[in-house]
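Input: a single structure, listed below in structure tokens.
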Amino acid sequence: LCFAGDARVRGQTGVLSERRGSYPFIDFRLLNNTTLSGEIGTKKKVKRLLSFQRYFHASRLLRGIVPQASLYLLDEDYLGQARHMLSKVGMWDFDIFLFDRLTNGNSLVTLLCHLFNVHGLIHHFQLDMVTLHRFLVMVQEDYHSQNPYHNAVHAADVTQAMHCYLREPKLANFLTPSDIMLGLLAAAAHDVDHPGVNQPFLIKTKHHLASLYQNVSVLENHHWRSTIGMLRESQLLAHLPKEVTQDIEQQLGSLILATDINRQNEFLIRLKSHLDNQDLRLEDAQDRHFMLQIALKCADICNPCRLWDLSKQWSERVCEEFYRQGDLEQKFELEISPLCNQQKDTIPSIQIGFMTYIVEPLFERWAQFTGDTPLSENMLNHLRTNKAKWRSLLHKQHSSSRSNDHSGQVTGSQEQTLNEEETP
């Protein structure tokens, strides 16, 4: 049995990886041990709790025992529907929630196996299918299914979006097999082992990951290092030359770290400069890699650009995850993080702000890069439509609130109705 303290393993390439199963499960009982100075227990106790609670889960996978739910056990009707959906995997209206149900919760594994085959990556890199499947099961299993948002279905959704972006002519005409594999792998693993709370929460609770990465891109660094650990453990790329695997590991890190929302302006400013100066040279590996970073950033936050029924589900899921964090912060007398107060931060207001300040600026620049393709126009149209619907819902909430205020005293039934409208 290994403890969290021995979790980082240096491979031949010199890049530190993290042993799967050690991080970053959060046992909120630790918060009960908060002292007046704000410290969370002893390091030894933290390591013991974090390790043992995920040990059984991790050890099953390390021994090669995978979940028994398999595509082969599904009803033939479900298999047929899943195969039919895969034939349309490049369509923007792809319903990842339905696909996940049809594959019995194996959407990420099934999707990646299909896309690796479609893009010719299995043949090009001489990958072993059994090893590939084992690696993808590791990735899928290391997502936390109890997270409303940051789970394997989100990873599958981001991967499907990335597939769509990789097919945009402006980019597709220059991509190499390595670029495509990196883009798909980074999309699939970009949030692996996400604990369901954000970086500020990890920092203020003095979580060991925050210390490990010195409060900088804490989660993204963990997602990257965990992915490297799984690649090495599965030996998916063990047959490739050392310099090739070293390059893949480093570029995966560069892609995954780009999803840190705190670096949004950094990437937007650089993209705007390239587009204004018209100096992107996609024949150059460096410029291609930068556009892969932008593509992954778009895929990661593309929910507001989906059809309303899909977009609304994602919005409710991410806000539910925010609210859970806020409830924990309130329970343990911590300052409630922005967007995490269910009584003040409504879903419509959160989504309108997110679309206005984060999503719109990025996708308008992406459309400028792609040249207003049908996909980019479709995404922007959905974005405008969805934003208008959230504005309408916000207006209704405000009208309802004002009506209740003017009535003097809100009755119990009115208060319950209002609360239900604001709760995802």
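By order in the structure tokens, chains are A, B, ...; within a chain, residues start at 1; ligands start at 1, following the order shown.
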
Non-local contacts of Leu375 (chain A) (12 Å; only C-alpha atoms; under 4 positions in same chain excluded) as a ChimeraX atom specification: /A:90-93,161,164-169,305-306,363,366-367,370-371,379-382

Within 9 Å of Phe290 (chain A) using only C-alpha atoms, minus same-chain residues under 4 positions, as a list in words: Leu255, Phe267, Leu271, Ala285, Gln286, Ile294 and Ala295 of chain A

For the selection you just gave me, I'd like the residues written to a file as a tab-separated table (two decimals), in the first residue's frame, keeping C-alpha atoms.
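Final output, saved to selection.tsv:
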chain	number	residue	atom	x	y	z
A	255	LEU	CA	-2.76	21.47	-23.68
A	267	PHE	CA	-4.77	33.16	-24.56
A	271	LEU	CA	-5.09	34.85	-30.34
A	285	ALA	CA	4.26	22.99	-35.19
A	286	GLN	CA	4.29	25.81	-32.62
A	294	ILE	CA	-7.53	27.24	-28.30
A	295	ALA	CA	-9.62	24.37	-29.70

Coordinates-based distance that separates CA of Ser17 (chain A) from CA of Ser226 (chain A) (Å, one decimal): 6.0 Å

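Nearest residue to Ile180 (chain A) among A:Gln278, A:Lys272, A:Met291, A:Ala82 is A:Met291, counting only C-alpha atoms.
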
Selection near Gln342 (chain A), 9 Å with only C-alpha atoms, sequence-local residues under 4 positions removed, as a list of chain:residue names: A:Cys319, A:Glu320, A:Phe322, A:Tyr323, A:Arg324, A:Gly326, A:Asp327, A:Thr346, A:Ile347, A:Glu422, A:Thr423

Exercise: Gly183 (chain A) partners within 8 Å, only C-alpha atoms, chain neighbours under 3 positions left out, as a ChimeraX atom specification: /A:162,179-180,186-187,255,292,296

Non-local contacts of Val359 (chain A) (9 Å; only C-alpha atoms; under 2 positions in same chain excluded) as a list in words: Cys298, Ile301, Cys302, Pro304, Cys305, Phe354, Met355, Thr356, Tyr357, Pro361, Leu362, Phe363, Glu364 and Leu383 of chain A

Expected answer as a ChimeraX atom specification: alpha helix (DSSP H) residues in region 295-412 of chain A: /A:295-300,308-331,347-354,360-370,374-406,412

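Using only C-alpha atoms for every distance, the candidate list A:His133, A:His163, A:Arg402, A:Lys344 yields A:His133 as the residue closest to Thr110 (chain A).
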
Nearest residue to Glu220 (chain A) from the set A:Ser234, A:Thr176, A:Asn262, A:Gln246 (distances using only C-alpha atoms): A:Asn262

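Proximity to Trp314 (chain A) was assessed for A:Val153, A:Leu280, A:Cys113, A:Leu102 counting only C-alpha atoms; the smallest distance is recorded for A:Val153.
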
Which of A:Ile122, A:Leu275, A:Asn303, A:Asp260 sits closest to Phe369 (chain A) [using only C-alpha atoms]: A:Leu275
